[in-house]
$ cat structure38.txt   # compact mmCIF, C-alpha atoms
# COMPACT_ATOMS: atom_id res chain seq x y z
CA MET X 264 300.13 175.97 85.87
CA VAL X 265 298.58 179.39 85.56
CA ARG X 266 299.11 181.86 82.75
CA ARG X 267 298.08 185.44 82.30
CA ILE X 268 296.02 186.60 79.33
CA ASP X 269 295.38 190.31 78.85
CA VAL X 270 291.83 191.43 78.15
CA THR X 271 290.66 194.87 77.08
CA GLY X 272 287.69 195.93 79.14
CA ALA X 273 285.22 198.79 78.97
CA GLY X 274 286.81 202.13 78.18
CA GLY X 275 290.07 200.42 77.18
CA VAL X 276 290.96 199.37 80.75
CA ARG X 277 293.52 196.57 80.65
CA LEU X 278 292.42 193.52 82.63
CA ALA X 279 294.42 190.49 83.72
CA ALA X 280 292.74 187.10 83.20
CA TRP X 281 294.34 183.98 84.64
CA GLU X 282 293.88 180.55 83.06
CA PHE X 283 294.46 177.56 85.28
CA GLY X 284 295.49 174.08 84.17
CA ASP X 285 298.32 172.25 82.44
CA PRO X 286 298.58 172.21 78.62
CA PRO X 287 298.62 168.77 76.94
CA LYS X 288 302.10 167.22 77.13
CA GLY X 289 303.99 167.37 73.86
CA ASP X 290 301.76 170.06 72.37
CA PRO X 291 302.88 173.68 72.10
CA PRO X 292 300.79 175.99 74.28
CA LYS X 293 298.08 177.81 72.41
CA GLU X 294 297.92 181.57 72.72
CA GLU X 295 294.18 181.54 73.34
CA PRO X 296 292.63 178.06 73.31
CA SER X 297 288.97 178.08 72.45
CA GLY X 298 286.30 175.97 70.85
CA PRO X 299 285.24 172.41 71.70
CA GLU X 300 288.81 171.14 72.18
CA ALA X 301 289.30 173.55 75.09
CA GLY X 302 286.40 172.06 77.07
CA PRO X 303 283.38 173.90 78.46
CA GLY X 304 284.33 177.30 79.78
CA VAL X 305 284.08 178.66 83.33
CA LEU X 306 284.63 182.31 84.25
CA LEU X 307 285.29 183.05 87.92
CA LEU X 308 284.61 186.53 89.30
CA HIS X 309 285.92 187.54 92.73
CA GLY X 310 284.20 189.91 95.15
CA LEU X 311 285.01 193.47 96.16
CA MET X 312 288.68 193.80 97.22
CA GLY X 313 289.36 190.26 95.98
CA ARG X 314 291.53 189.00 93.18
CA ALA X 315 291.63 186.11 90.72
CA ALA X 316 294.09 184.21 92.94
CA HIS X 317 291.34 183.75 95.52
CA TRP X 318 289.80 181.27 93.06
CA ALA X 319 293.00 179.23 92.61
CA SER X 320 291.77 176.15 94.49
CA THR X 321 288.41 176.12 92.71
CA ALA X 322 289.95 176.87 89.30
CA ARG X 323 292.55 174.11 89.57
CA TRP X 324 289.83 171.66 90.56
CA LEU X 325 287.72 172.71 87.58
CA SER X 326 290.62 172.67 85.12
CA GLY X 327 290.68 168.88 85.10
CA ARG X 328 287.59 168.87 82.90
CA HIS X 329 286.90 172.46 81.96
CA ARG X 330 288.65 175.58 80.78
CA ALA X 331 288.77 177.68 83.95
CA VAL X 332 289.64 181.38 83.82
CA ALA X 333 289.58 183.81 86.73
CA LEU X 334 289.45 187.54 86.07
CA ASP X 335 291.10 190.32 88.04
CA GLN X 336 288.33 192.89 87.76
CA ARG X 337 289.07 196.57 87.19
CA GLY X 338 290.77 198.17 90.16
CA HIS X 339 291.72 194.77 91.57
CA GLY X 340 294.70 192.42 91.48
CA ARG X 341 296.95 192.92 88.46
CA SER X 342 294.33 194.72 86.38
CA GLU X 343 294.60 198.44 85.73
CA LYS X 344 293.42 200.95 88.30
CA PRO X 345 293.10 204.19 86.31
CA PRO X 346 292.18 207.12 88.58
CA ARG X 347 289.50 208.34 86.18
CA ALA X 348 288.13 204.97 85.09
CA ALA X 349 284.46 204.17 85.54
CA PHE X 350 283.63 201.90 88.45
CA THR X 351 279.97 201.54 87.57
CA ARG X 352 277.92 198.38 87.40
CA GLU X 353 277.82 198.77 83.62
CA ALA X 354 281.63 198.87 83.43
CA TYR X 355 282.05 195.72 85.52
CA VAL X 356 279.45 193.86 83.45
CA GLU X 357 281.01 195.00 80.17
CA ASP X 358 284.42 193.83 81.41
CA ALA X 359 283.08 190.32 82.08
CA GLU X 360 281.34 190.37 78.70
CA ALA X 361 284.61 191.34 77.03
CA ALA X 362 286.50 188.59 78.83
CA LEU X 363 284.09 185.91 77.66
CA GLU X 364 284.20 187.15 74.08
CA GLN X 365 287.93 187.81 73.80
CA LEU X 366 288.88 184.52 75.47
CA GLY X 367 286.40 182.50 73.44
CA LEU X 368 284.84 181.12 76.62
CA GLY X 369 281.17 181.71 75.97
CA PRO X 370 278.69 180.32 76.46
CA ALA X 371 280.23 179.60 79.86
CA VAL X 372 279.28 178.97 83.43
CA VAL X 373 279.96 182.10 85.49
CA ILE X 374 280.85 181.58 89.14
CA GLY X 375 280.77 184.78 91.18
CA HIS X 376 281.38 185.66 94.81
CA ALA X 377 279.65 188.70 96.34
CA MET X 378 280.15 191.64 93.92
CA GLY X 379 281.31 189.15 91.28
CA ALA X 380 278.04 187.25 91.69
CA LEU X 381 276.04 190.42 91.08
CA THR X 382 278.12 191.08 87.97
CA GLY X 383 277.41 187.50 86.91
CA TRP X 384 273.64 187.74 87.15
CA GLN X 385 273.54 191.17 85.53
CA LEU X 386 275.63 189.77 82.67
CA ALA X 387 273.39 186.70 82.36
CA ALA X 388 270.33 188.97 82.15
CA LYS X 389 272.00 191.17 79.52
CA ARG X 390 273.73 188.49 77.42
CA PRO X 391 272.02 185.12 77.82
CA ASP X 392 273.97 183.89 74.79
CA LEU X 393 277.21 184.13 76.76
CA VAL X 394 276.14 182.49 80.04
CA SER X 395 275.05 178.84 80.13
CA GLY X 396 274.91 178.60 83.90
CA LEU X 397 275.46 180.77 86.96
CA VAL X 398 276.64 180.24 90.54
CA ILE X 399 275.80 183.06 92.96
CA CYS X 400 277.91 182.86 96.11
CA ASP X 401 276.79 184.88 99.15
CA MET X 402 275.43 188.01 97.45
CA ARG X 403 272.23 189.73 98.49
CA ALA X 404 269.64 191.01 96.03
CA SER X 405 268.15 193.53 98.46
CA ALA X 406 269.38 197.11 98.92
CA LEU X 407 271.88 197.54 101.75
CA GLY X 408 271.39 201.28 102.18
CA ALA X 409 273.36 204.40 103.09
CA ALA X 410 274.22 203.20 106.60
CA SER X 411 276.04 200.21 105.15
CA GLN X 412 278.14 202.44 102.90
CA ARG X 413 279.07 204.68 105.84
CA GLU X 414 280.09 201.64 107.89
CA TRP X 415 282.39 200.52 105.11
CA ALA X 416 284.00 203.96 104.83
CA ASP X 417 284.61 203.97 108.59
CA TRP X 418 286.01 200.43 108.40
CA PHE X 419 288.55 201.36 105.73
CA ARG X 420 289.71 204.27 107.86
CA ALA X 421 290.19 201.89 110.82
CA TRP X 422 292.78 199.77 109.03
CA PRO X 423 296.16 200.19 110.80
CA LEU X 424 298.09 200.92 107.60
CA PRO X 425 300.79 200.20 106.79
CA PHE X 426 301.14 196.72 108.24
CA ALA X 427 304.70 195.89 109.28
CA THR X 428 304.52 192.26 108.16
CA LEU X 429 302.16 189.84 106.45
CA ALA X 430 301.78 188.12 109.81
CA ASP X 431 300.35 191.38 111.12
CA VAL X 432 297.90 191.43 108.21
CA ARG X 433 296.73 187.91 108.98
CA LYS X 434 296.36 188.66 112.67
CA TRP X 435 294.46 191.92 112.26
CA PHE X 436 291.96 190.64 109.69
CA GLY X 437 291.71 187.23 111.30
CA GLU X 438 291.51 188.30 114.95
CA ASP X 439 291.77 192.00 115.80
CA ASP X 440 289.43 193.57 113.25
CA PRO X 441 286.29 194.76 115.14
CA TRP X 442 284.21 193.10 112.43
CA VAL X 443 285.57 189.66 113.39
CA GLU X 444 283.33 187.92 115.92
CA ARG X 445 285.71 185.03 116.53
CA PRO X 446 289.20 184.12 115.24
CA ASN X 447 289.07 183.35 111.53
CA PRO X 448 292.42 182.32 109.99
CA ALA X 449 290.85 181.96 106.53
CA ARG X 450 289.81 185.61 106.61
CA GLY X 451 293.33 186.63 107.58
CA ALA X 452 294.76 184.61 104.70
CA PHE X 453 292.22 186.12 102.31
CA TYR X 454 293.35 189.67 103.06
CA ALA X 455 297.04 188.75 103.11
CA GLU X 456 296.64 187.87 99.41
CA VAL X 457 295.52 191.40 98.54
CA MET X 458 298.46 193.15 100.19
CA GLN X 459 301.71 194.23 98.57
CA GLU X 460 305.01 195.31 100.07
CA THR X 461 305.77 199.03 99.78
CA PRO X 462 308.71 201.09 101.10
CA ASP X 463 306.93 201.72 104.41
CA GLY X 464 305.21 198.36 104.87
CA TRP X 465 302.33 196.27 103.52
CA ARG X 466 299.39 198.03 101.86
CA PRO X 467 296.42 196.85 99.77
CA VAL X 468 296.90 196.32 96.04
CA PHE X 469 293.69 198.29 95.50
CA ASP X 470 292.70 201.87 96.22
CA PRO X 471 290.10 201.89 99.03
CA GLU X 472 288.42 204.93 97.48
CA GLN X 473 287.92 203.01 94.24
CA MET X 474 286.41 200.17 96.25
CA LEU X 475 283.93 202.55 97.85
CA LYS X 476 283.07 203.99 94.42
CA SER X 477 282.48 200.46 93.13
CA ARG X 478 280.31 199.57 96.09
CA GLU X 479 278.15 202.67 96.01
CA THR X 480 276.89 201.67 92.56
CA TRP X 481 274.95 198.75 94.01
CA VAL X 482 274.26 199.26 97.74
CA TYR X 483 271.45 201.79 97.30
CA ASP X 484 269.43 199.63 94.90
CA ALA X 485 267.75 196.25 94.98
CA HIS X 486 268.55 193.80 92.18
CA TRP X 487 265.56 191.48 92.13
CA GLU X 488 264.39 192.52 88.68
CA GLU X 489 267.66 191.42 87.07
CA LEU X 490 267.31 188.04 88.79
CA THR X 491 263.95 187.46 87.11
CA GLN X 492 265.67 188.02 83.75
CA VAL X 493 268.28 185.28 84.26
CA ARG X 494 267.12 182.36 82.10
CA CYS X 495 270.00 179.94 82.58
CA PRO X 496 270.24 177.39 85.43
CA THR X 497 271.38 179.23 88.55
CA LEU X 498 272.65 177.98 91.89
CA VAL X 499 272.43 180.26 94.93
CA VAL X 500 275.00 179.29 97.56
CA ARG X 501 275.28 180.72 101.06
CA GLY X 502 277.49 180.11 104.05
CA LEU X 503 275.44 179.49 107.16
CA ASP X 504 277.26 182.36 108.88
CA GLY X 505 277.55 184.54 105.79
CA GLU X 506 275.93 187.82 104.81
CA LEU X 507 273.14 186.27 102.74
CA GLY X 508 270.35 185.06 105.03
CA ARG X 509 268.47 181.84 104.34
CA ALA X 510 265.10 183.54 103.80
CA GLU X 511 266.52 185.98 101.24
CA ALA X 512 268.51 183.23 99.51
CA GLN X 513 265.42 181.08 99.15
CA GLU X 514 263.43 184.05 97.84
CA MET X 515 266.17 184.62 95.26
CA VAL X 516 265.80 180.98 94.21
CA ARG X 517 262.04 181.44 93.96
CA VAL X 518 262.21 184.46 91.65
CA LEU X 519 264.91 182.93 89.44
CA PRO X 520 263.27 181.10 86.54
CA ARG X 521 265.63 178.12 86.99
CA GLY X 522 266.98 178.62 90.48
CA GLU X 523 268.49 176.05 92.85
CA TYR X 524 269.75 176.37 96.42
CA ALA X 525 272.74 175.10 98.41
CA GLU X 526 274.31 176.05 101.71
CA VAL X 527 277.67 175.33 103.31
CA ALA X 528 277.94 174.66 107.04
CA ASP X 529 280.64 176.28 109.19
CA ALA X 530 281.26 178.91 106.52
CA GLY X 531 280.95 182.68 106.58
CA HIS X 532 280.92 185.18 103.75
CA LEU X 533 284.14 183.77 102.26
CA VAL X 534 282.49 180.43 101.59
CA HIS X 535 285.01 179.10 99.08
CA TYR X 536 287.87 180.14 101.38
CA ASP X 537 286.39 178.99 104.70
CA GLN X 538 285.37 175.52 103.57
CA PRO X 539 286.90 174.71 100.15
CA GLU X 540 286.00 171.02 100.14
CA ALA X 541 282.42 171.60 101.27
CA TRP X 542 282.14 174.43 98.73
CA ARG X 543 283.22 172.11 95.91
CA SER X 544 280.78 169.43 97.09
CA ALA X 545 277.96 171.99 97.10
CA ILE X 546 278.51 173.17 93.53
CA GLU X 547 279.72 169.97 91.85
CA PRO X 548 276.30 168.37 91.10
CA PHE X 549 275.08 171.64 89.59
CA LEU X 550 278.21 172.08 87.46
CA ASP X 551 278.06 168.46 86.29
CA ALA X 552 274.50 168.95 85.14
CA VAL X 553 275.19 172.23 83.32
CA LEU X 554 278.66 171.60 81.91
CA THR X 555 278.27 167.97 80.90
CA GLY X 556 274.57 167.98 80.11

$ encode --input "structure38.txt" --output "structure tokens"
Amino acid sequence: MVRRIDVTGAGGVRLAAWEFGDPPKGDPPKEEPSGPEAGPGVLLLHGLMGRAAHWASTARWLSGRHRAVALDQRGHGRSEKPPRAAFTREAYVEDAEAALEQLGLGPAVVIGHAMGALTGWQLAAKRPDLVSGLVICDMRASALGAASQREWADWFRAWPLPFATLADVRKWFGEDDPWVERPNPARGAFYAEVMQETPDGWRPVFDPEQMLKSRETWVYDAHWEELTQVRCPTLVVRGLDGELGRAEAQEMVRVLPRGEYAEVADAGHLVHYDQPEAWRSAIEPFLDAVLTG
């Protein structure tokens, strides 16, 4: 079962949070379960262009023992995409802060992929009272630079929109995209989940310009200082073929006051999508230690 809970984010932006798990049989569903009876909380934050549904497998696995909620971040999924909304780092962090407070999840473990991981560690540095543990999945702390932003703008323009069918989406992102080095069905499936049918074909549920605005708020800066301010236990996870290199990942672990390291073989940037079982095996010991003491 999954149910939607609306959250009010920074600047009044309406956000969609999705709680996974079945309510106890015979009991009426609670509007917003919280407190000890709900189990330790976990907030899952997707990456740029992602959506809460990308965490479905992980969230359902977690919901057996924990209260697992995935957030559609501003501009993504079913959350609002106001043309004049802020897409700053501060806005994303305040949204996650609002979700934890309004859902009664905190202190919670925050699991973030890529941009969501950066939001997670910036939140943990800002509000240590709300974050009991942190999982950083394939996100770099170093600056990526102006060239990276230009490459992304060119890549968005290269998309052959609209796609005629979802099969075309899967094929282009899984095989034909120039950024794909070898066929990757998981990548095709990932992007198929962020497409919607429109009168002329399939288009992304997000505005690419808003994605570029979101991205430009972090690519020009390094984020090592915020890592040093994260006091909770933190696990840095990388796919062996992902965007986070081993040397940088291990340096991130070194500067984190309570950092740990894990890697997943045969996985790229979309670690939890490429190898879901290996991903769960990599994070389970850490979660057991943090969530169950």

$ closest_atom_pairs --input "structure38.txt" --of "range 431-501 of chain X" --to "range 307-316 of chain X" --cutoff "10 Å" --atoms "only C-alpha atoms" --output "tab-separated table"
residue	atom	partner	partner_atom	distance
X:Phe453	CA	X:Gly313	CA	8.1
X:Tyr454	CA	X:Gly313	CA	8.1
X:Glu456	CA	X:Ala316	CA	7.9
X:Val457	CA	X:Gly313	CA	6.8
X:Pro467	CA	X:Met312	CA	8.7
X:Val468	CA	X:Met312	CA	8.7
X:Phe469	CA	X:Met312	CA	6.9
X:Asp470	CA	X:Met312	CA	9.1
X:Pro471	CA	X:Met312	CA	8.4
X:Gln473	CA	X:Met312	CA	9.7
X:Met474	CA	X:Met312	CA	6.8
X:Leu475	CA	X:Leu311	CA	9.3
X:Ser477	CA	X:Leu311	CA	8.0
X:Arg478	CA	X:Leu311	CA	7.7

$ write_last_selection --input "structure38.txt" --atoms "C-alpha atoms" --output "compact mmCIF listing (two decimals), in the frame of the given file"
# COMPACT_ATOMS: atom_id res chain seq x y z
CA PHE X 453 292.22 186.12 102.31
CA TYR X 454 293.35 189.67 103.06
CA GLU X 456 296.64 187.87 99.41
CA VAL X 457 295.52 191.40 98.54
CA PRO X 467 296.42 196.85 99.77
CA VAL X 468 296.90 196.32 96.04
CA PHE X 469 293.69 198.29 95.50
CA ASP X 470 292.70 201.87 96.22
CA PRO X 471 290.10 201.89 99.03
CA GLN X 473 287.92 203.01 94.24
CA MET X 474 286.41 200.17 96.25
CA LEU X 475 283.93 202.55 97.85
CA SER X 477 282.48 200.46 93.13
CA ARG X 478 280.31 199.57 96.09

$ atom_distance --input "structure38.txt" --atom1 "CA of Asp335 in chain X" --atom2 "CA of Leu278 in chain X"
6.4 Å

$ atom_distance --input "structure38.txt" --atom1 "CA of Phe426 in chain X" --atom2 "CA of Ser320 in chain X"
26.5 Å

$ residues_near_point --input "structure38.txt" --point "(284.9, 198.6, 81.0)" --cutoff "7 Å" --atoms "all atoms listed in the file" --output "list in words"
Gly272, Ala273, Gly274, Gly275, Val276, Ala354, Tyr355, Glu357 and Asp358 of chain X

$ residues_around --input "structure38.txt" --residues "range 366-383 of chain X" --least-positions-apart "4" --cutoff "8 Å" --atoms "all atoms listed in the file" --output "PyMOL selection string"
chain X and resi 270+295-298+303-311+330+352+355-356+359+362+387+392-403+553-554

$ residues_around --input "structure38.txt" --residues "Ala449 in chain X" --least-positions-apart "4" --cutoff "8 Å" --atoms "all atoms listed in the file" --output "list in words"
Gly437, Phe453, Tyr536 and Asp537 of chain X

$ closest_residue --input "structure38.txt" --among "X:Trp465, X:Trp318, X:Trp435, X:Phe350" --to "Gly451 in chain X" --atoms "all atoms listed in the file"
X:Trp435

$ atom_distance --input "structure38.txt" --atom1 "CA of Thr491 in chain X" --atom2 "CA of Ala388 in chain X"
8.2 Å

$ residues_around --input "structure38.txt" --residues "Leu498 in chain X" --least-positions-apart "4" --cutoff "8 Å" --atoms "only C-alpha atoms" --output "JSON, numbers by chain"
{"X": [397, 398, 399, 516, 522, 523, 524, 525, 546, 549]}

$ write_last_selection --input "structure38.txt" --atoms "C-alpha atoms" --output "short mmCIF file (atom, residue, chain, number, x, y, z; two decimals), in the coordinates of the input"
data_model
loop_
_atom_site.label_atom_id
_atom_site.label_comp_id
_atom_site.auth_asym_id
_atom_site.auth_seq_id
_atom_site.Cartn_x
_atom_site.Cartn_y
_atom_site.Cartn_z
CA LEU X 397 275.46 180.77 86.96
CA VAL X 398 276.64 180.24 90.54
CA ILE X 399 275.80 183.06 92.96
CA VAL X 516 265.80 180.98 94.21
CA GLY X 522 266.98 178.62 90.48
CA GLU X 523 268.49 176.05 92.85
CA TYR X 524 269.75 176.37 96.42
CA ALA X 525 272.74 175.10 98.41
CA ILE X 546 278.51 173.17 93.53
CA PHE X 549 275.08 171.64 89.59
#

$ residues_near_point --input "structure38.txt" --point "(293.1, 189.5, 85.4)" --cutoff "8 Å" --atoms "all atoms listed in the file" --output "compact mmCIF listing (two decimals) with C-alpha atoms, in the frame of the given file"
# COMPACT_ATOMS: atom_id res chain seq x y z
CA ARG X 267 298.08 185.44 82.30
CA ILE X 268 296.02 186.60 79.33
CA ASP X 269 295.38 190.31 78.85
CA VAL X 270 291.83 191.43 78.15
CA LEU X 278 292.42 193.52 82.63
CA ALA X 279 294.42 190.49 83.72
CA ALA X 280 292.74 187.10 83.20
CA TRP X 281 294.34 183.98 84.64
CA ARG X 314 291.53 189.00 93.18
CA ALA X 315 291.63 186.11 90.72
CA ALA X 333 289.58 183.81 86.73
CA LEU X 334 289.45 187.54 86.07
CA ASP X 335 291.10 190.32 88.04
CA GLN X 336 288.33 192.89 87.76
CA GLY X 340 294.70 192.42 91.48
CA ARG X 341 296.95 192.92 88.46
CA SER X 342 294.33 194.72 86.38

$ residues_around --input "structure38.txt" --residues "Glu514 in chain X" --least-positions-apart "2" --cutoff "12 Å" --atoms "all atoms listed in the file" --output "NGL selection string"
:X and (403-405 or 487 or 490-491 or 499 or 507-512 or 516-520 or 522-524)

$ residues_around --input "structure38.txt" --residues "Glu526 in chain X" --least-positions-apart "6" --cutoff "8 Å" --atoms "only C-alpha atoms" --output "ChimeraX atom specification"
/X:500-503,545

$ closest_residue --input "structure38.txt" --among "X:Thr497, X:Thr428, X:Thr480, X:Thr555" --to "Gly464 in chain X" --atoms "all atoms listed in the file"
X:Thr428

$ closest_residue --input "structure38.txt" --among "X:Val332, X:Val432, X:Val482, X:Leu424" --to "Leu407 in chain X" --atoms "only C-alpha atoms"
X:Val482

$ closest_residue --input "structure38.txt" --among "X:Ala421, X:Leu363, X:Met515, X:Met264" --to "Gly327 in chain X" --atoms "all atoms listed in the file"
X:Met264

$ closest_residue --input "structure38.txt" --among "X:Phe436, X:Arg445, X:Ser411, X:His317" --to "Pro423 in chain X" --atoms "only C-alpha atoms"
X:Phe436
